[in-house]
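Student: Input file: coords29.cif. Contents: mmCIF, N, CA and C atoms and all ligand atoms.
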```cif
data_work
loop_
_atom_site.label_atom_id
_atom_site.label_comp_id
_atom_site.auth_asym_id
_atom_site.auth_seq_id
_atom_site.Cartn_x
_atom_site.Cartn_y
_atom_site.Cartn_z
N MET A 1 -100.32 102.72 -47.23
CA MET A 1 -101.49 102.03 -46.72
C MET A 1 -102.71 102.37 -47.59
N ASN A 2 -103.58 101.41 -47.74
CA ASN A 2 -104.77 101.63 -48.55
C ASN A 2 -105.97 101.91 -47.66
N TRP A 3 -106.27 103.18 -47.49
CA TRP A 3 -107.37 103.55 -46.59
C TRP A 3 -108.71 103.10 -47.11
N LYS A 4 -108.83 102.94 -48.41
CA LYS A 4 -110.12 102.51 -48.97
C LYS A 4 -110.47 101.11 -48.52
N ARG A 5 -109.43 100.32 -48.23
CA ARG A 5 -109.67 98.95 -47.82
C ARG A 5 -109.86 98.86 -46.31
N ASN A 6 -109.44 99.91 -45.61
CA ASN A 6 -109.48 99.88 -44.14
C ASN A 6 -110.67 100.59 -43.54
N ILE A 7 -111.27 101.48 -44.31
CA ILE A 7 -112.38 102.26 -43.76
C ILE A 7 -113.71 101.72 -44.25
N GLN A 8 -114.60 101.43 -43.28
CA GLN A 8 -115.95 101.00 -43.60
C GLN A 8 -116.85 102.22 -43.58
N VAL A 9 -117.95 102.14 -44.30
CA VAL A 9 -118.90 103.26 -44.32
C VAL A 9 -119.32 103.61 -42.89
N LEU A 10 -119.49 102.60 -42.06
CA LEU A 10 -119.86 102.81 -40.65
C LEU A 10 -118.88 103.72 -39.90
N ASP A 11 -117.63 103.68 -40.30
CA ASP A 11 -116.59 104.47 -39.62
C ASP A 11 -116.55 105.92 -40.07
N LEU A 12 -117.26 106.21 -41.13
CA LEU A 12 -117.18 107.55 -41.69
C LEU A 12 -117.84 108.61 -40.82
N ASP A 13 -117.22 109.77 -40.82
CA ASP A 13 -117.83 110.94 -40.22
C ASP A 13 -118.94 111.40 -41.17
N PRO A 14 -120.15 111.62 -40.67
CA PRO A 14 -121.25 112.04 -41.56
C PRO A 14 -120.93 113.31 -42.34
N ASP A 15 -120.05 114.13 -41.79
CA ASP A 15 -119.73 115.41 -42.42
C ASP A 15 -118.62 115.32 -43.47
N ILE A 16 -118.03 114.14 -43.58
CA ILE A 16 -116.92 114.02 -44.52
C ILE A 16 -117.43 114.07 -45.97
N ARG A 17 -116.62 114.64 -46.82
CA ARG A 17 -116.98 114.67 -48.24
C ARG A 17 -115.91 113.95 -49.03
N LEU A 18 -116.33 112.89 -49.71
CA LEU A 18 -115.39 112.15 -50.54
C LEU A 18 -115.53 112.62 -51.98
N GLU A 19 -114.41 112.67 -52.64
CA GLU A 19 -114.40 113.08 -54.03
C GLU A 19 -114.49 111.86 -54.92
N LEU A 20 -115.38 111.89 -55.88
CA LEU A 20 -115.42 110.83 -56.88
C LEU A 20 -115.18 111.47 -58.24
N VAL A 21 -114.12 111.03 -58.90
CA VAL A 21 -113.80 111.59 -60.21
C VAL A 21 -113.95 110.50 -61.25
N CYS A 22 -114.68 110.82 -62.30
CA CYS A 22 -114.87 109.85 -63.38
C CYS A 22 -113.56 109.63 -64.10
N ARG A 23 -113.22 108.36 -64.31
CA ARG A 23 -111.95 108.05 -64.99
C ARG A 23 -112.04 108.36 -66.48
N LYS A 24 -113.24 108.44 -66.99
CA LYS A 24 -113.43 108.65 -68.42
C LYS A 24 -113.55 110.13 -68.78
N CYS A 25 -114.54 110.81 -68.15
CA CYS A 25 -114.79 112.20 -68.56
C CYS A 25 -114.30 113.21 -67.53
N LYS A 26 -113.72 112.71 -66.42
CA LYS A 26 -113.13 113.57 -65.39
C LYS A 26 -114.14 114.40 -64.60
N LYS A 27 -115.40 114.09 -64.77
CA LYS A 27 -116.45 114.78 -64.03
C LYS A 27 -116.32 114.44 -62.54
N LEU A 28 -116.38 115.47 -61.71
CA LEU A 28 -116.23 115.26 -60.28
C LEU A 28 -117.57 115.37 -59.58
N ARG A 29 -117.81 114.46 -58.63
CA ARG A 29 -118.96 114.68 -57.76
C ARG A 29 -118.59 114.33 -56.33
N TRP A 30 -119.33 114.93 -55.41
CA TRP A 30 -119.05 114.72 -54.00
C TRP A 30 -120.01 113.70 -53.44
N LEU A 31 -119.49 112.91 -52.52
CA LEU A 31 -120.30 111.94 -51.81
C LEU A 31 -120.06 112.21 -50.33
N THR A 32 -121.12 112.51 -49.61
CA THR A 32 -120.94 112.79 -48.19
C THR A 32 -121.10 111.52 -47.36
N GLY A 33 -120.52 111.52 -46.18
CA GLY A 33 -120.66 110.40 -45.27
C GLY A 33 -122.13 110.16 -44.94
N LYS A 34 -122.84 111.24 -44.74
CA LYS A 34 -124.26 111.16 -44.40
C LYS A 34 -125.05 110.43 -45.47
N GLU A 35 -124.73 110.77 -46.71
CA GLU A 35 -125.40 110.17 -47.86
C GLU A 35 -125.18 108.65 -47.90
N LEU A 36 -123.94 108.25 -47.60
CA LEU A 36 -123.62 106.82 -47.62
C LEU A 36 -124.24 106.09 -46.43
N LEU A 37 -124.24 106.75 -45.29
CA LEU A 37 -124.76 106.12 -44.08
C LEU A 37 -126.28 105.89 -44.16
N LYS A 38 -126.93 106.65 -45.00
CA LYS A 38 -128.37 106.52 -45.18
C LYS A 38 -128.75 105.23 -45.92
N ARG A 39 -127.80 104.74 -46.72
CA ARG A 39 -128.08 103.53 -47.49
C ARG A 39 -127.82 102.31 -46.63
N GLN A 40 -128.89 101.61 -46.29
CA GLN A 40 -128.76 100.45 -45.42
C GLN A 40 -127.80 99.42 -46.00
N THR A 41 -127.82 99.24 -47.30
CA THR A 41 -126.99 98.20 -47.91
C THR A 41 -125.52 98.59 -47.99
N ALA A 42 -125.25 99.89 -47.88
CA ALA A 42 -123.86 100.35 -48.04
C ALA A 42 -123.10 100.36 -46.72
N LYS A 43 -123.83 100.34 -45.61
CA LYS A 43 -123.23 100.51 -44.29
C LYS A 43 -122.02 99.65 -43.98
N PHE A 44 -122.08 98.39 -44.39
CA PHE A 44 -121.00 97.49 -44.02
C PHE A 44 -119.95 97.32 -45.12
N LEU A 45 -120.10 98.09 -46.15
CA LEU A 45 -119.13 98.01 -47.25
C LEU A 45 -117.89 98.83 -46.92
N TYR A 46 -116.78 98.42 -47.50
CA TYR A 46 -115.57 99.22 -47.40
C TYR A 46 -115.57 100.23 -48.54
N LEU A 47 -114.83 101.30 -48.34
CA LEU A 47 -114.81 102.37 -49.35
C LEU A 47 -114.33 101.85 -50.70
N GLU A 48 -113.48 100.84 -50.65
CA GLU A 48 -113.01 100.20 -51.86
C GLU A 48 -114.19 99.66 -52.69
N ASP A 49 -115.15 99.08 -51.98
CA ASP A 49 -116.32 98.52 -52.67
C ASP A 49 -117.22 99.62 -53.21
N ILE A 50 -117.32 100.69 -52.43
CA ILE A 50 -118.13 101.83 -52.87
C ILE A 50 -117.54 102.39 -54.16
N GLU A 51 -116.24 102.53 -54.16
CA GLU A 51 -115.56 103.05 -55.34
C GLU A 51 -115.80 102.16 -56.55
N ARG A 52 -115.70 100.87 -56.32
CA ARG A 52 -115.84 99.92 -57.42
C ARG A 52 -117.26 99.94 -58.01
N ARG A 53 -118.26 100.22 -57.13
CA ARG A 53 -119.65 100.22 -57.60
C ARG A 53 -120.08 101.54 -58.20
N ALA A 54 -119.33 102.59 -57.88
CA ALA A 54 -119.73 103.92 -58.33
C ALA A 54 -119.60 104.05 -59.84
N ARG A 55 -120.61 104.66 -60.44
CA ARG A 55 -120.58 104.91 -61.87
C ARG A 55 -120.90 106.37 -62.12
N CYS A 56 -120.28 106.91 -63.13
CA CYS A 56 -120.50 108.29 -63.51
C CYS A 56 -121.96 108.51 -63.91
N ARG A 57 -122.51 109.64 -63.47
CA ARG A 57 -123.91 109.92 -63.75
C ARG A 57 -124.12 110.74 -65.01
N GLN A 58 -123.02 111.10 -65.65
CA GLN A 58 -123.15 111.84 -66.89
C GLN A 58 -123.87 110.98 -67.92
N ARG A 59 -124.73 111.63 -68.68
CA ARG A 59 -125.47 110.94 -69.71
C ARG A 59 -124.54 110.22 -70.67
N GLY A 60 -124.77 108.93 -70.86
CA GLY A 60 -124.00 108.19 -71.84
C GLY A 60 -122.57 107.87 -71.45
N CYS A 61 -122.14 108.22 -70.24
CA CYS A 61 -120.77 107.97 -69.84
C CYS A 61 -120.66 106.65 -69.08
N ARG A 62 -121.26 106.63 -67.88
CA ARG A 62 -121.22 105.43 -67.03
C ARG A 62 -119.79 104.96 -66.76
N GLY A 63 -118.85 105.87 -66.78
CA GLY A 63 -117.46 105.50 -66.51
C GLY A 63 -117.27 105.10 -65.05
N THR A 64 -116.16 104.41 -64.76
CA THR A 64 -115.86 104.07 -63.38
C THR A 64 -115.26 105.29 -62.69
N MET A 65 -115.39 105.31 -61.36
CA MET A 65 -114.97 106.47 -60.61
C MET A 65 -113.73 106.18 -59.77
N ARG A 66 -112.97 107.24 -59.52
CA ARG A 66 -111.83 107.13 -58.61
C ARG A 66 -112.15 107.95 -57.38
N MET A 67 -111.99 107.34 -56.22
CA MET A 67 -112.34 108.02 -54.98
C MET A 67 -111.11 108.66 -54.35
N ALA A 68 -111.31 109.85 -53.80
CA ALA A 68 -110.22 110.52 -53.09
C ALA A 68 -110.77 111.20 -51.85
N MET A 69 -109.95 111.22 -50.82
CA MET A 69 -110.29 111.98 -49.63
C MET A 69 -110.08 113.46 -49.96
N PRO A 70 -110.83 114.34 -49.28
CA PRO A 70 -110.60 115.76 -49.54
C PRO A 70 -109.13 116.09 -49.31
N GLY A 71 -108.50 116.76 -50.26
CA GLY A 71 -107.09 117.10 -50.11
C GLY A 71 -106.18 116.09 -50.75
N GLU A 72 -106.55 114.83 -50.69
CA GLU A 72 -105.69 113.80 -51.26
C GLU A 72 -105.55 113.97 -52.77
N GLY A 73 -106.63 114.39 -53.40
CA GLY A 73 -106.63 114.58 -54.84
C GLY A 73 -105.61 115.59 -55.31
N GLU A 74 -105.30 116.55 -54.46
CA GLU A 74 -104.36 117.59 -54.85
C GLU A 74 -102.95 117.06 -55.00
N THR A 75 -102.58 116.12 -54.15
CA THR A 75 -101.21 115.60 -54.21
C THR A 75 -101.07 114.52 -55.27
N SER A 76 -102.10 113.71 -55.46
CA SER A 76 -101.97 112.61 -56.42
C SER A 76 -102.51 112.99 -57.79
N GLY A 77 -103.17 114.13 -57.88
CA GLY A 77 -103.66 114.59 -59.18
C GLY A 77 -104.55 113.59 -59.87
N PHE A 78 -104.46 113.56 -61.18
CA PHE A 78 -105.32 112.65 -61.94
C PHE A 78 -104.55 111.45 -62.46
N ILE A 79 -103.43 111.16 -61.81
CA ILE A 79 -102.57 110.08 -62.27
C ILE A 79 -103.33 108.78 -62.46
N GLY A 80 -104.22 108.48 -61.51
CA GLY A 80 -104.97 107.24 -61.59
C GLY A 80 -105.94 107.22 -62.76
N GLY A 81 -106.27 108.36 -63.31
CA GLY A 81 -107.27 108.42 -64.34
C GLY A 81 -106.72 108.37 -65.75
N ILE A 82 -105.41 108.45 -65.88
CA ILE A 82 -104.82 108.54 -67.22
C ILE A 82 -104.75 107.17 -67.90
N ALA A 83 -104.45 106.16 -67.15
CA ALA A 83 -104.27 104.81 -67.70
C ALA A 83 -105.50 104.29 -68.42
ZN ZN B 101 -117.98 110.24 -66.83
#
```
Show how you would write the structure in this file as structure tokens.
Tutor:
Amino acid sequence: MNWKRNIQVLDLDPDIRLELVCRKCKKLRWLTGKELLKRQTAKFLYLEDIERRARCRQRGCRGTMRMAMPGEGETSGFIGGIA
């Protein structure tokens, strides 16, 4: 099942921390539910859309990000980032 397509920002627990890993430079940053819920425009988006819009903040990188739930990254590793 694709949870990114099923979960809306509105459904998120404010305390949840989502992992965003840059597909290009592998830089990781955390996105909290609270942070997303604060953005009026993001509220009705699905996590899939958040992931698609996320860009790496590293200078000169601007790579696309891969989103993972806490813990999920450990089992799937960086497989999604190699391609
Ligand atoms: Zn990057």
Student: Could you pull out every residue with an atom within 9 Å of (-122.4, 110.7, -47.3), file coordinates, counting only C-alpha atoms, and send them as number ranges by chain?
Tutor: A: 9, 12-18, 30-38
Student: If the limit is 9 Å from any atom of ligand ZN 101 (chain B), counting only C-alpha atoms and all ligand atoms, which residues qualify? Return them as a list in words.
Tutor: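 The distance check yields Val21, Cys22, Arg23, Lys24, Cys25, Lys26, Lys27, Leu28, Arg55, Cys56, Arg57, Gln58, Arg59, Gly60, Cys61, Arg62, Gly63, Thr64 and Met65 of chain A.
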Student: Identify, with DSSP run on backbone atoms, the residues in chain A assigned to alpha helix (DSSP H), and express the list as a ChimeraX atom specification.
Tutor: /A:3-6,33-37,47-53,72-76,79-82
Student: Those selected residues, please, written with N, CA and C atoms and delivered as a compact mmCIF listing (two decimals), in the coordinates of the input.
Tutor:
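Everything below was put into result24.txt:
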```txt
# COMPACT_ATOMS: atom_id res chain seq x y z
N TRP A 3 -106.27 103.18 -47.49
CA TRP A 3 -107.37 103.55 -46.59
C TRP A 3 -108.71 103.10 -47.11
N LYS A 4 -108.83 102.94 -48.41
CA LYS A 4 -110.12 102.51 -48.97
C LYS A 4 -110.47 101.11 -48.52
N ARG A 5 -109.43 100.32 -48.23
CA ARG A 5 -109.67 98.95 -47.82
C ARG A 5 -109.86 98.86 -46.31
N ASN A 6 -109.44 99.91 -45.61
CA ASN A 6 -109.48 99.88 -44.14
C ASN A 6 -110.67 100.59 -43.54
N GLY A 33 -120.52 111.52 -46.18
CA GLY A 33 -120.66 110.40 -45.27
C GLY A 33 -122.13 110.16 -44.94
N LYS A 34 -122.84 111.24 -44.74
CA LYS A 34 -124.26 111.16 -44.40
C LYS A 34 -125.05 110.43 -45.47
N GLU A 35 -124.73 110.77 -46.71
CA GLU A 35 -125.40 110.17 -47.86
C GLU A 35 -125.18 108.65 -47.90
N LEU A 36 -123.94 108.25 -47.60
CA LEU A 36 -123.62 106.82 -47.62
C LEU A 36 -124.24 106.09 -46.43
N LEU A 37 -124.24 106.75 -45.29
CA LEU A 37 -124.76 106.12 -44.08
C LEU A 37 -126.28 105.89 -44.16
N LEU A 47 -114.83 101.30 -48.34
CA LEU A 47 -114.81 102.37 -49.35
C LEU A 47 -114.33 101.85 -50.70
N GLU A 48 -113.48 100.84 -50.65
CA GLU A 48 -113.01 100.20 -51.86
C GLU A 48 -114.19 99.66 -52.69
N ASP A 49 -115.15 99.08 -51.98
CA ASP A 49 -116.32 98.52 -52.67
C ASP A 49 -117.22 99.62 -53.21
N ILE A 50 -117.32 100.69 -52.43
CA ILE A 50 -118.13 101.83 -52.87
C ILE A 50 -117.54 102.39 -54.16
N GLU A 51 -116.24 102.53 -54.16
CA GLU A 51 -115.56 103.05 -55.34
C GLU A 51 -115.80 102.16 -56.55
N ARG A 52 -115.70 100.87 -56.32
CA ARG A 52 -115.84 99.92 -57.42
C ARG A 52 -117.26 99.94 -58.01
N ARG A 53 -118.26 100.22 -57.13
CA ARG A 53 -119.65 100.22 -57.60
C ARG A 53 -120.08 101.54 -58.20
N GLU A 72 -106.55 114.83 -50.69
CA GLU A 72 -105.69 113.80 -51.26
C GLU A 72 -105.55 113.97 -52.77
N GLY A 73 -106.63 114.39 -53.40
CA GLY A 73 -106.63 114.58 -54.84
C GLY A 73 -105.61 115.59 -55.31
N GLU A 74 -105.30 116.55 -54.46
CA GLU A 74 -104.36 117.59 -54.85
C GLU A 74 -102.95 117.06 -55.00
N THR A 75 -102.58 116.12 -54.15
CA THR A 75 -101.21 115.60 -54.21
C THR A 75 -101.07 114.52 -55.27
N SER A 76 -102.10 113.71 -55.46
CA SER A 76 -101.97 112.61 -56.42
C SER A 76 -102.51 112.99 -57.79
N ILE A 79 -103.43 111.16 -61.81
CA ILE A 79 -102.57 110.08 -62.27
C ILE A 79 -103.33 108.78 -62.46
N GLY A 80 -104.22 108.48 -61.51
CA GLY A 80 -104.97 107.24 -61.59
C GLY A 80 -105.94 107.22 -62.76
N GLY A 81 -106.27 108.36 -63.31
CA GLY A 81 -107.27 108.42 -64.34
C GLY A 81 -106.72 108.37 -65.75
N ILE A 82 -105.41 108.45 -65.88
CA ILE A 82 -104.82 108.54 -67.22
C ILE A 82 -104.75 107.17 -67.90
```
Student: Interatomic distance between atom C of Gln40 of chain A and atom C of Met69 of chain A?
Tutor: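 For atom C of Gln40 of chain A relative to atom C of Met69 of chain A, the distance reads 23.0 Å.
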Student: In Å, with one decimal, what is the gap from atom N of Leu10 of chain A to atom C of Arg52 of chain A?
Tutor: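 Those two atoms sit 16.3 Å apart.
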Student: Restricting the calculation to only C-alpha atoms, which member of A:Arg29, A:Arg66, A:Arg5, A:Leu20 is positioned closest to Tyr46 of chain A?
Tutor: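 When distances to Tyr46 of chain A are compared using only C-alpha atoms, the smallest one comes from A:Arg5.
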Student: If you measure from atom C of Asn6 of chain A to atom N of Leu45 of chain A, what distance in Å do you get, rounded to one decimal?
Tutor: 10.1 Å
Student: Using DSSP on the backbone coordinates, identify the residues of chain A assigned to strand (DSSP E or B); present them as JSON, numbers by chain.
Tutor: {"A": [8, 17, 18, 19, 20, 21, 22, 28, 29, 30, 31, 32, 46, 55, 64, 65, 66, 67, 68]}
